[in-house]
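Asker: Please see the structure below; I have some questions.
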Amino acid sequence: GVDIAPQPHYPFEFHQGDVMRYVFTDQGPKIDNGYMTINWSKFDAVHASPPCQAYTQMSAKHRGHGGVTDSRVGLIAETRELLRATGLPYVIENVMGAKTSMEVSIVLHGGMFDLGVDRPRLFESNIFLMQPKERRATSKRDGIIGVYGRAPDGRRLWGNHPDSSNLRCALSTEEGAAAMGIDWMPEWREVAEAIPPAYTEFIGHWLIDQL
């Protein structure tokens with residue numbers, strides 16, 4: 001895992017650094033920014049999640065008013081350029097608001113994996129991906145909750161959900177993590193920004209088939 005910010009609870013090998021600081025060499029792009037050097041030949045595939053804040057519904061609400069939202073950087077196109085240069089199978093993930101910035105994509109949501117969240121996400125790849133045909137979960141019928149925002153305070157939420165009038169935020173970090181299928185993140189910020197592991201496992205099976 002690579003991230004510009006510390007991720008103390010990331011469960012696998014982690015390197016802190018800016019993945020967008022790279023140079024091209026005879027062996028392809030090389031990242032060496034004082035934190036780490038990435039030799040792409042050691043990897044079989046890359047899964048990237050560029051910052052989503054520029055594409056969220058909340059950002060859309062406040063965009064164009066000269067606030068912090070207007071300074072958000074998307075980086076999807078730049079990430080795609082880097083991943084194509086590696087020559088590896090890759091996947092790019094982002095929120096539904098990034099649809100116009102993503103190329104041919106599939107959508108995964110909690111209803112496909114019996115999770116306690118809806119949490120639709122786009123996945124773009126240079127390999128073939130098949131989208132499951134499952135209904136979207138709702139709070140009224142399936143008891144899903146929202147796992148986003150500044151705090152797990154149980155507040156009522158409105159958003160792009162089939163049953164948004166009854167959707168509430170998680171009451172605790174533990175409730176949010178359980179709904180997402182995560183058991184190693186003790187902080188709300190981590191859980192609120194995470195992708196359900198079931199999504200990544202699903203994508204991983206397609207990557208394994210391709211490899």
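Numbering starts fresh at 1 for the residues of each chain in the structure tokens, the chains themselves are lettered A, B, ... in the order given, and ligands are numbered from 1 as they appear.
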I want to know what sits within 12 Å of Arg150 of chain A, based on only C-alpha atoms, with residues of the same chain fewer than 2 positions away left out; could you give that as a list in words?
Answerer: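 Everything that qualifies: Gly146, Val147, Tyr148, Pro152, Asp153, Gly154, Arg155, Cys169, Ala170, Ser172, Thr173, Glu187, Trp188, Arg189, Glu190, Val191, Ala192 and Glu193 of chain A.
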Asker: Which residue, A:Asp3, A:Val117, A:Asp142, A:Cys52, has the smallest gap to Ser101 of chain A when you use only C-alpha atoms?
Answerer: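 Closest candidate: A:Cys52.
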Asker: Would you mind listing what lies within 10 Å of Thr200 of chain A as a ChimeraX atom specification, with only C-alpha atoms counted and same-chain residues fewer than 2 positions away left out?
Answerer: /A:47,91,93,108,123,195-198,202-205
Asker: Please produce a file of the residues just selected, as a compact mmCIF listing (two decimals), in the first residue's frame, where the atoms kept are all heavy atoms.
Answerer:
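Wrote it out as selection34.txt, contents follow:
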# COMPACT_ATOMS: atom_id res chain seq x y z
N HIS A 47 -4.01 -1.55 -7.98
CA HIS A 47 -5.35 -1.05 -7.68
C HIS A 47 -5.19 0.35 -7.10
O HIS A 47 -4.52 0.52 -6.08
CB HIS A 47 -6.03 -1.97 -6.66
CG HIS A 47 -7.46 -1.61 -6.38
ND1 HIS A 47 -7.81 -0.46 -5.71
CD2 HIS A 47 -8.62 -2.25 -6.67
CE1 HIS A 47 -9.13 -0.42 -5.59
NE2 HIS A 47 -9.64 -1.48 -6.19
N VAL A 91 -6.64 -1.29 -11.94
CA VAL A 91 -8.02 -0.92 -11.60
C VAL A 91 -7.98 0.45 -10.97
O VAL A 91 -7.11 0.75 -10.15
CB VAL A 91 -8.64 -1.93 -10.61
CG1 VAL A 91 -10.06 -1.51 -10.24
CG2 VAL A 91 -8.65 -3.33 -11.20
N GLU A 93 -10.52 3.09 -8.85
CA GLU A 93 -11.79 3.17 -8.12
C GLU A 93 -12.10 4.62 -7.76
O GLU A 93 -11.20 5.39 -7.44
CB GLU A 93 -11.70 2.33 -6.84
CG GLU A 93 -12.90 2.46 -5.91
CD GLU A 93 -12.80 3.64 -4.93
OE1 GLU A 93 -11.68 4.09 -4.65
OE2 GLU A 93 -13.87 4.10 -4.46
N LEU A 108 -20.10 -1.26 -8.36
CA LEU A 108 -20.33 -2.23 -7.30
C LEU A 108 -21.00 -1.52 -6.14
O LEU A 108 -20.69 -0.36 -5.85
CB LEU A 108 -19.01 -2.86 -6.83
CG LEU A 108 -18.20 -3.62 -7.87
CD1 LEU A 108 -16.94 -4.22 -7.24
CD2 LEU A 108 -19.03 -4.73 -8.52
N PHE A 123 -15.55 1.34 -10.88
CA PHE A 123 -14.27 0.66 -11.07
C PHE A 123 -13.95 0.63 -12.56
O PHE A 123 -14.70 0.06 -13.35
CB PHE A 123 -14.31 -0.76 -10.51
CG PHE A 123 -14.38 -0.82 -9.02
CD1 PHE A 123 -15.61 -0.74 -8.37
CD2 PHE A 123 -13.23 -0.93 -8.24
CE1 PHE A 123 -15.69 -0.78 -6.99
CE2 PHE A 123 -13.30 -0.97 -6.86
CZ PHE A 123 -14.53 -0.89 -6.23
N ILE A 195 -13.08 1.49 1.21
CA ILE A 195 -13.86 0.70 0.26
C ILE A 195 -14.18 -0.63 0.93
O ILE A 195 -13.29 -1.24 1.53
CB ILE A 195 -13.04 0.41 -1.02
CG1 ILE A 195 -12.49 1.69 -1.62
CG2 ILE A 195 -13.88 -0.35 -2.04
CD1 ILE A 195 -11.44 1.44 -2.67
N PRO A 196 -15.41 -1.11 0.88
CA PRO A 196 -15.68 -2.43 1.46
C PRO A 196 -14.75 -3.49 0.88
O PRO A 196 -14.59 -3.58 -0.35
CB PRO A 196 -17.14 -2.69 1.05
CG PRO A 196 -17.74 -1.32 0.95
CD PRO A 196 -16.63 -0.47 0.37
N PRO A 197 -14.09 -4.28 1.71
CA PRO A 197 -13.17 -5.30 1.22
C PRO A 197 -13.81 -6.28 0.22
O PRO A 197 -13.12 -6.82 -0.63
CB PRO A 197 -12.74 -6.02 2.50
CG PRO A 197 -12.92 -5.01 3.58
CD PRO A 197 -14.11 -4.21 3.18
N ALA A 198 -15.12 -6.48 0.35
CA ALA A 198 -15.81 -7.39 -0.58
C ALA A 198 -15.68 -6.90 -2.03
O ALA A 198 -15.60 -7.71 -2.95
CB ALA A 198 -17.28 -7.52 -0.20
N PHE A 202 -13.80 -9.07 -4.98
CA PHE A 202 -14.48 -9.36 -6.24
C PHE A 202 -13.58 -8.98 -7.43
O PHE A 202 -13.40 -9.77 -8.36
CB PHE A 202 -15.80 -8.59 -6.30
CG PHE A 202 -16.52 -8.73 -7.61
CD1 PHE A 202 -17.32 -9.83 -7.86
CD2 PHE A 202 -16.40 -7.75 -8.60
CE1 PHE A 202 -17.99 -9.96 -9.07
CE2 PHE A 202 -17.07 -7.87 -9.81
CZ PHE A 202 -17.86 -8.98 -10.05
N ILE A 203 -13.01 -7.76 -7.38
CA ILE A 203 -12.11 -7.31 -8.44
C ILE A 203 -10.88 -8.23 -8.51
O ILE A 203 -10.38 -8.57 -9.58
CB ILE A 203 -11.67 -5.86 -8.18
CG1 ILE A 203 -12.87 -4.90 -8.26
CG2 ILE A 203 -10.58 -5.45 -9.17
CD1 ILE A 203 -13.47 -4.76 -9.62
N GLY A 204 -10.39 -8.65 -7.33
CA GLY A 204 -9.22 -9.51 -7.28
C GLY A 204 -9.40 -10.82 -8.03
O GLY A 204 -8.46 -11.33 -8.66
N HIS A 205 -10.61 -11.39 -7.97
CA HIS A 205 -10.87 -12.64 -8.70
C HIS A 205 -10.73 -12.43 -10.21
O HIS A 205 -10.20 -13.30 -10.92
CB HIS A 205 -12.26 -13.18 -8.36
CG HIS A 205 -12.34 -13.83 -7.02
ND1 HIS A 205 -11.65 -14.97 -6.71
CD2 HIS A 205 -13.04 -13.50 -5.89
CE1 HIS A 205 -11.90 -15.34 -5.46
NE2 HIS A 205 -12.74 -14.45 -4.95
Asker: When you look at Gln131 of chain A with a cut-off of 12 Å (counting only C-alpha atoms), what residues show up, excluding the ones that are within fewer than 4 positions of it in the same chain? I need them as a PyMOL selection string.
Answerer: chain A and resi 104-109+112+121-124+135+199+202-203+206
Asker: My list of candidates is A:Ser41, A:Thr79, A:Asn126, A:Thr100. Which is closest to Gln210 of chain A when distances are computed with only C-alpha atoms?
Answerer: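 Closest to Gln210 of chain A of all the choices is A:Asn126.
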Asker: Can you measure atom CA of Gly110 of chain A to atom CA of Leu171 of chain A for me? One decimal in Å is fine.
Answerer: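 Atom CA of Leu171 of chain A lies 18.7 Å from atom CA of Gly110 of chain A.
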Asker: If you run DSSP on the backbone, which residues of segment 75-188 of chain A are strand (DSSP E), as a list in words?
Answerer: Tyr90, Val91, Ile92, Glu93, Asn94, Ser105, Ile106, Val107, Leu108, Arg121, Leu122, Phe123, Glu124 and Ser125 of chain A
